[in-house]
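This report refers to the structure that appears directly beneath it.
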2 protein chains.
Amino acid sequence: MNLRLLLRHLSSISWLIGAAMLFSLPWALPVAGQVDTFESQGFLALLGSMAICFLVGWAMRYAGRKTDGVLYRKEAMAVVGLSWVLATLLGALPYLFSGTARGYDAENEPIRMSFIDCLFEAQSGFSTTGATVLTAVEDPDLVPRCILFWRSGTHFLGGLGIIVLFVAILGQGSAGKVLMRAEMPGPSKEGSQTRMQHTAWVFTGIYIALNAILAILLFFEGMNVYDALCHAFGTLATGGFSTYDASLGHFQSPLIESTVIFFMVLAGTNFTLLYLVILGRPGRLLADIEWRTYAAVILGVTALVVAFGMLHHDFLSESVNSRTAEFFAALRFGLFQVVSIMTTTGYATDDFDSWNSFGRGVLFLLMFVGGCAGSTGGGLKVIRHILFLKVLQRDVEHSFHPTVVRPLRLGGQTIEDPDLGKNIMTYFGLILVIFVFSWMFLVTVEPDETWISGGQSVENKLIDSASSISATLNNIGPGLGTVGATQNYAHFSPLAKLLFIFLMMVGRLEIFAILVLFVPSFWRAR
Amino acid sequence: MNLRLLLRHLSSISWLIGAAMLFSLPWALPVAGQVDTFESQGFLALLGSMAICFLVGWAMRYAGRKTDGVLYRKEAMAVVGLSWVLATLLGALPYLFSGTARGYDAENEPIRMSFIDCLFEAQSGFSTTGATVLTAVEDPDLVPRCILFWRSGTHFLGGLGIIVLFVAILGQGSAGKVLMRAEMPGPSKEGSQTRMQHTAWVFTGIYIALNAILAILLFFEGMNVYDALCHAFGTLATGGFSTYDASLGHFQSPLIESTVIFFMVLAGTNFTLLYLVILGRPGRLLADIEWRTYAAVILGVTALVVAFGMLHHDFLSESVNSRTAEFFAALRFGLFQVVSIMTTTGYATDDFDSWNSFGRGVLFLLMFVGGCAGSTGGGLKVIRHILFLKVLQRDVEHSFHPTVVRPLRLGGQTIEDPDLGKNIMTYFGLILVIFVFSWMFLVTVEPDETWISGGQSVENKLIDSASSISATLNNIGPGLGTVGATQNYAHFSPLAKLLFIFLMMVGRLEIFAILVLFVPSFWRAR
């Protein structure tokens, strides 16, 4: 492994993050309208973090100055994995330096974020998970406004990073490959390198444009500029950080909710398809088997959630007292929550943890479905589930027709890659193993006190732990019980938080780029 | 598909089951010492069931008289799957005809078993699961003694069936193949057909001998003949039906418990290895990677269960009040429960549902591990887990060394079969899909009333449902919460019971033989 080469490539990440912090600075000033007095601590923390970013970047570039070798597969994987690690470390600095606090303790003293808390919040941002350890984000004495903007900014950067990565690296493997090759338009005479760069720029353009459009819409729907930007970042990155403790439920606005639903659906859509729609071919959406399934799952599960919600009267309240009002409440909150979980955004407008068992169970499973490949959504991706079921179907038929070898077909086309089926099964297998071992690890290391102190039942430790693993591994954010829609991750032990940081990173980078960092033979000479 | 040929082969199953019922008859007579007065209802029910068995067998043989074709792969699979279906239907008759009752209702009237209840109990017996709908097996007014003996007898038949099947069919596929080929001694000049028959007879002999030895031991340890036989059947088949509501805990005897632990471990061991031990080569046990892992998991998990049990003081009671006594109680109950769940027997000596979350969680996961291939144990089998992890490890290395193709190795030997890795992944995938869909189905169709009426918390519906799916699919019996060690399956709705019947059958026959029965193209002409 050429370590100098790695450092050279990592230096750009460091600079990029430092530069991105610049955009959070203005919000510390009273002129931006978010604060009455200058947030000196937050401002200085950002300045200090930027200085470190540039310094680290420069040191890395200096250490790697004597190499100009090409990135081989192994180096490329290492760069991807280490970029995320580096981003997390640097992105945690503003929280740390500003003395941002998680909340108040029993004596009404602020509880400062520990270093692990800072890493958790940074990783949650970059991985577009949206899980938080902050219990009172609305209090500027605890969380400076400029730091809260940085928090949402990490979503924006993470979403952008994953879109570019998809083109550069992840699009090379299994599922992504199938979609990218077949669908991406452009002059085919160009080399794959040039074409990839072109695609990356197009995707970046779409991503930024969607963020801008949503922010403008939200502004006109009643948010101020600050909230509009933060919620646009949280939506398009399928992140879920809000500037309010009640998440998007704070606004109590059906208009804002439907706008966000629409953009969450877009954020979970393959950017190749978005590009084709922009080019005037909206029919390609429904022609795409992954998007068709994605839309069908959203609609089907919403219908079931509405039906079971009405059966159990989950949506009845003082203001919702007629059968018709109940239906519309169920539709409004049900659709929002299904889209929010399916796209792995994690915004909440209702405490879905108080829903019936079917509703809770189906949301738990939706976490593993996730968005489409080539979107900012997390989870396993719809296309993998389609292929997974196709492989199983083929193998069951193979058990009684052993001589018939049938290739996999997707949307009417034969899949050429003979390894695709194997790769899909391996991916599911790895997710399963990571899920099971993390679950047991969490149940083992986490004291029952975590549940008791949060006023939760220890009886739910098993299911709550499973859902917190799922919510971080699939980059959702909120889960069930102690990590439910109205809860957070503040009360977990440092060891559990380290586990969650690892899971968010593993999930976001689709396992391999992170897992190989722990394989000794990966680091040995090629 | 040659249906006449199927009928011809199924007729033997029908006759075998009829003949086996003969052994339950004597227990209806006072002379056998279990009853004071002749159990006329139970006796007549058994006689009637036998008549139907022989009649059905004769009709099938008559319908299939004009064929003498050979069994092809498809037909063999169909015979295996349909045998189990037929056995369940016929095995349910004694319960039905005798009017066996599940328990008493609020007015103290017996609740007769419905037809679905009878099917459930029969399937649970044949699949060596040991899940029950009977809430008061000790009451001879509800459950005639001869019928209760038939119940344990179905375990004996099921265990025998699975041992023979392993040799004939299952041993041909993936994991079994690897072990059978490499290990099974015998003159290699014989044809595979003769050799298979020889192996089947040897295994049958070992199975019957172990049953007899355990029954004799249990008799000398204080059980009467009836209890000794029933518990021997329940142990060697890794079934778990007891003649007492408190399961094996009824005897409160460390001697009986340790004897049963030893025989449960044997029952979960590959019968090929048992044969080699009998031939005077006990070293082969430890030389076998599957058995070594099996033993290591039992010991390792027991150590953890003991440690966490003592940490949470799960084993403290009025009689256990010193630290030493607590340790021995933890060891006694911990080891028994770990072996009972791991081997998929399901006997209980302690209410493990009141253990701490780690203990409950690890038992839940152990259900999926199961015994060794070629044993009567259920679950996924230890060897599949070993291979599963090896495939994943290989594929992670493959991700950064794409040009290096390394074959799988097991216990120092290279695995020749290139499809083995794929088959393992498919098996895990199918179990996962069946588990997830069954879970959602159960949560959807089962009313909350099931939990409320059983005095259980509806909050636990998700985890209880998951554990009941796992306990039936992996052929354990008891699970967590509403299906816990002190509970049963009586209060579930008929639809849920049908699901459990399906799962027990699918799990026992390692999926394919049952699943293909539902594939239309399987039934079309070859």
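Letters A, B, ... go to the chains of the structure tokens in the order shown; residues in each chain start at 1; ligands are counted from 1 in the same order.
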
Write out as CSV a residue-level contact list of chain A versus chain B with cut-off 9 Å: for each qualifying residue the closest pair of atoms and the distance in Å to one decimal, counting only C-alpha atoms, rows sorted by chain and residue number upward.
```
residue,atom,partner,partner_atom,distance
A:Arg73,CA,B:Phe400,CA,6.6
A:Lys74,CA,B:Phe400,CA,5.4
A:Met77,CA,B:Phe400,CA,7.8
A:Phe308,CA,B:Thr444,CA,8.6
A:Asn356,CA,B:Glu459,CA,9.0
A:Ser357,CA,B:Leu462,CA,6.3
A:Phe358,CA,B:Thr444,CA,5.8
A:Arg360,CA,B:Leu462,CA,8.4
A:Gly361,CA,B:Leu462,CA,6.7
A:Val362,CA,B:Met440,CA,7.2
A:Leu365,CA,B:Val436,CA,8.3
A:Phe388,CA,B:Gly429,CA,8.0
A:Leu389,CA,B:Val433,CA,8.6
A:Val391,CA,B:Thr426,CA,7.9
A:Leu392,CA,B:Thr426,CA,6.2
A:Asp395,CA,B:Thr426,CA,7.1
A:Val396,CA,B:Phe512,CA,6.9
A:Glu397,CA,B:Val516,CA,7.7
A:Ser399,CA,B:Phe512,CA,7.2
A:Phe400,CA,B:Lys74,CA,5.4
A:His401,CA,B:Lys74,CA,7.9
A:Lys422,CA,B:Lys422,CA,7.0
A:Asn423,CA,B:Asp395,CA,8.2
A:Met425,CA,B:Met425,CA,6.1
A:Thr426,CA,B:Leu392,CA,6.2
A:Tyr427,CA,B:Leu392,CA,8.7
A:Phe428,CA,B:Gly429,CA,7.8
A:Gly429,CA,B:Leu392,CA,7.1
A:Leu430,CA,B:Leu392,CA,6.8
A:Leu432,CA,B:Leu432,CA,9.0
A:Val433,CA,B:Leu389,CA,8.6
A:Val436,CA,B:Leu365,CA,8.3
A:Trp439,CA,B:Gly361,CA,8.9
A:Met440,CA,B:Gly361,CA,7.1
A:Val443,CA,B:Phe358,CA,5.8
A:Thr444,CA,B:Phe358,CA,5.8
A:Asp448,CA,B:Ser357,CA,8.8
A:Val458,CA,B:Ser357,CA,8.2
A:Glu459,CA,B:Ser357,CA,7.7
A:Asn460,CA,B:Asn460,CA,7.4
A:Lys461,CA,B:Ser357,CA,6.6
A:Leu462,CA,B:Ser357,CA,6.3
A:Ile463,CA,B:Ile463,CA,6.4
A:Phe512,CA,B:Val396,CA,6.9
A:Leu515,CA,B:Val396,CA,7.9
A:Val516,CA,B:Val396,CA,7.1
A:Val519,CA,B:Glu397,CA,8.2
A:Ser521,CA,B:Glu397,CA,8.3
A:Phe522,CA,B:Phe400,CA,7.2
A:Arg526,CA,B:His401,CA,8.7
```

Hey, what does DSSP flag as helix (DSSP H, G or I) within range 42-203 of chain A? Can you give it to me as a PyMOL selection string? chain A and resi 42-63+73-91+93-98+115-126+145-168+170-172+174-183+192-203

Exercise: Phe327 in chain A partners within 9 Å, only C-alpha atoms, chain neighbours under 6 positions left out, as number ranges by chain: A: 306-307, 310, 315

Expected file contents, prior selection, all heavy atoms, as a CSV table (one decimal), in the first residue's frame:
```csv
chain,number,residue,atom,x,y,z
A,306,VAL,N,-52.0,3.1,6.9
A,306,VAL,CA,-53.2,3.9,7.1
A,306,VAL,C,-54.3,2.9,7.6
A,306,VAL,O,-55.0,3.2,8.6
A,306,VAL,CB,-53.7,4.6,5.8
A,306,VAL,CG1,-55.1,5.1,5.9
A,306,VAL,CG2,-52.7,5.7,5.5
A,307,ALA,N,-54.5,1.8,7.0
A,307,ALA,CA,-55.5,0.8,7.3
A,307,ALA,C,-55.3,0.3,8.8
A,307,ALA,O,-56.3,0.4,9.6
A,307,ALA,CB,-55.5,-0.4,6.4
A,310,MET,N,-55.9,3.1,11.4
A,310,MET,CA,-57.3,3.4,11.6
A,310,MET,C,-57.9,2.3,12.5
A,310,MET,O,-58.8,2.6,13.3
A,310,MET,CB,-58.0,3.6,10.3
A,310,MET,CG,-57.6,4.9,9.6
A,310,MET,SD,-58.6,5.3,8.2
A,310,MET,CE,-60.2,5.7,8.9
A,315,PHE,N,-54.4,7.4,15.2
A,315,PHE,CA,-54.4,8.8,14.8
A,315,PHE,C,-55.5,9.7,15.4
A,315,PHE,O,-55.7,10.8,15.1
A,315,PHE,CB,-54.4,8.9,13.3
A,315,PHE,CG,-53.2,8.3,12.7
A,315,PHE,CD1,-53.3,7.0,12.1
A,315,PHE,CD2,-51.9,8.9,12.7
A,315,PHE,CE1,-52.1,6.4,11.6
A,315,PHE,CE2,-50.8,8.3,12.2
A,315,PHE,CZ,-50.9,7.0,11.6
```

When you look at range 288-295 of chain A with a cut-off of 7 Å (counting only C-alpha atoms), what residues show up, excluding the ones that are within fewer than 2 positions of it in the same chain? I need them as a list in words. Thr269, Arg284, Leu285, Leu286, Val297, Ile298, Leu299, Cys372, Val382, Ile383 and Gly411 of chain A

Using the chain letters and numbers from this document, which residues of range 8-161 of chain B does DSSP assign to strand (DSSP E or B), as an MDAnalysis selection string? chainID B and resid 101:104 110:112

Once you have the residues from the selection above, write them out as an mmCIF file, in the first residue's frame, restricted to N, CA, C and O atoms.
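What follows is the written file out-v4.cif:
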```cif
data_model
loop_
_atom_site.group_PDB
_atom_site.id
_atom_site.type_symbol
_atom_site.label_atom_id
_atom_site.label_comp_id
_atom_site.auth_asym_id
_atom_site.auth_seq_id
_atom_site.Cartn_x
_atom_site.Cartn_y
_atom_site.Cartn_z
ATOM 1 N N ALA B 101 -58.306 -32.659 25.002
ATOM 2 C CA ALA B 101 -58.631 -31.259 25.293
ATOM 3 C C ALA B 101 -57.387 -30.458 25.624
ATOM 4 O O ALA B 101 -56.446 -30.956 26.242
ATOM 5 N N ARG B 102 -57.395 -29.171 25.193
ATOM 6 C CA ARG B 102 -56.259 -28.271 25.422
ATOM 7 C C ARG B 102 -56.160 -27.827 26.864
ATOM 8 O O ARG B 102 -55.081 -27.504 27.347
ATOM 9 N N GLY B 103 -57.316 -27.794 27.531
ATOM 10 C CA GLY B 103 -57.356 -27.300 28.908
ATOM 11 C C GLY B 103 -58.799 -27.054 29.280
ATOM 12 O O GLY B 103 -59.709 -27.563 28.621
ATOM 13 N N TYR B 104 -59.006 -26.290 30.353
ATOM 14 C CA TYR B 104 -60.374 -25.973 30.779
ATOM 15 C C TYR B 104 -60.679 -24.513 30.462
ATOM 16 O O TYR B 104 -59.809 -23.650 30.555
ATOM 17 N N PRO B 110 -63.902 -28.718 29.443
ATOM 18 C CA PRO B 110 -62.710 -28.963 28.627
ATOM 19 C C PRO B 110 -62.834 -28.278 27.262
ATOM 20 O O PRO B 110 -63.921 -28.256 26.688
ATOM 21 N N ILE B 111 -61.720 -27.723 26.800
ATOM 22 C CA ILE B 111 -61.679 -27.147 25.443
ATOM 23 C C ILE B 111 -61.099 -28.209 24.517
ATOM 24 O O ILE B 111 -59.892 -28.479 24.548
ATOM 25 N N ARG B 112 -61.941 -28.827 23.696
ATOM 26 C CA ARG B 112 -61.452 -29.861 22.778
ATOM 27 C C ARG B 112 -60.520 -29.254 21.736
ATOM 28 O O ARG B 112 -60.711 -28.121 21.304
#
```

Extract, using only C-alpha atoms, all DNA, RNA and protein residues at most 8 Å from Asp245 in chain B, discarding same-chain residues fewer than 6 positions from it, and format them as a tab-separated table (two decimals) with N, CA, C and O atoms, in the first residue's frame.
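Here's the written file selection_39.tsv:
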```tsv
chain	number	residue	atom	x	y	z
B	135	THR	N	-52.29	-27.29	27.39
B	135	THR	CA	-51.89	-26.50	28.56
B	135	THR	C	-51.87	-27.32	29.84
B	135	THR	O	-51.36	-26.86	30.85
B	136	ALA	N	-52.44	-28.52	29.80
B	136	ALA	CA	-52.48	-29.34	31.02
B	136	ALA	C	-52.31	-30.81	30.64
B	136	ALA	O	-53.26	-31.59	30.68
B	137	VAL	N	-51.07	-31.18	30.30
B	137	VAL	CA	-50.85	-32.56	29.83
B	137	VAL	C	-50.91	-33.58	30.96
B	137	VAL	O	-51.02	-34.78	30.71
B	138	GLU	N	-50.83	-33.09	32.21
B	138	GLU	CA	-50.80	-34.04	33.33
B	138	GLU	C	-52.19	-34.56	33.69
B	138	GLU	O	-52.32	-35.51	34.45
```

Can you tell me which residues surround range 42-55 of chain B at a distance of at most 12 Å, considering only C-alpha atoms, apart from same-chain residues fewer than 2 positions away, and format the answer as a PyMOL selection string? chain B and resi 10-30+35+37-40+57-62+86-101+140-151

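Going from CA of Arg8 in chain A over to CA of Arg65 in chain A, you cover 6.9 Å.
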
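Among A:Ile501, A:Ile216, A:Ala267, A:Leu248, the residue with the shortest atom-to-atom distance to Leu160 in chain A, counting only C-alpha atoms, is A:Ala267.
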
Need the shell around Leu363 in chain B: protein/DNA/RNA residues with any atom at most 8 Å away, counting only C-alpha atoms. Skip same-chain ones fewer than 4 positions apart. Format as a ChimeraX atom specification? /B:338,341-342,359,367

Given the selection you just returned, output its residues as a file containing C-alpha atoms, formatted as an mmCIF file, in the first residue's frame.
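Output (result04.cif):
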```cif
data_model
loop_
_atom_site.group_PDB
_atom_site.id
_atom_site.type_symbol
_atom_site.label_atom_id
_atom_site.label_comp_id
_atom_site.auth_asym_id
_atom_site.auth_seq_id
_atom_site.Cartn_x
_atom_site.Cartn_y
_atom_site.Cartn_z
ATOM 1 C CA VAL B 338 -28.023 -23.448 26.276
ATOM 2 C CA ILE B 341 -31.892 -24.453 22.733
ATOM 3 C CA MET B 342 -28.717 -25.014 20.712
ATOM 4 C CA GLY B 359 -29.423 -14.201 28.118
ATOM 5 C CA MET B 367 -32.077 -20.967 17.851
#
```

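Using only C-alpha atoms, the nearest neighbour of Ala232 in chain B within the list B:Ile213, B:Ile162, B:Leu119, B:Ala296 is B:Ile213.
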
When you draw a straight line from CA of Ser468 in chain A to CA of Phe115 in chain A, how long is it in Å?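 Separation between CA of Ser468 in chain A and CA of Phe115 in chain A: 20.8 Å.
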
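Considering the residues B:His9, B:Arg508, B:Arg524, B:His250 and counting only C-alpha atoms, Ser375 in chain B has its shortest atom-to-atom contact with B:Arg508.
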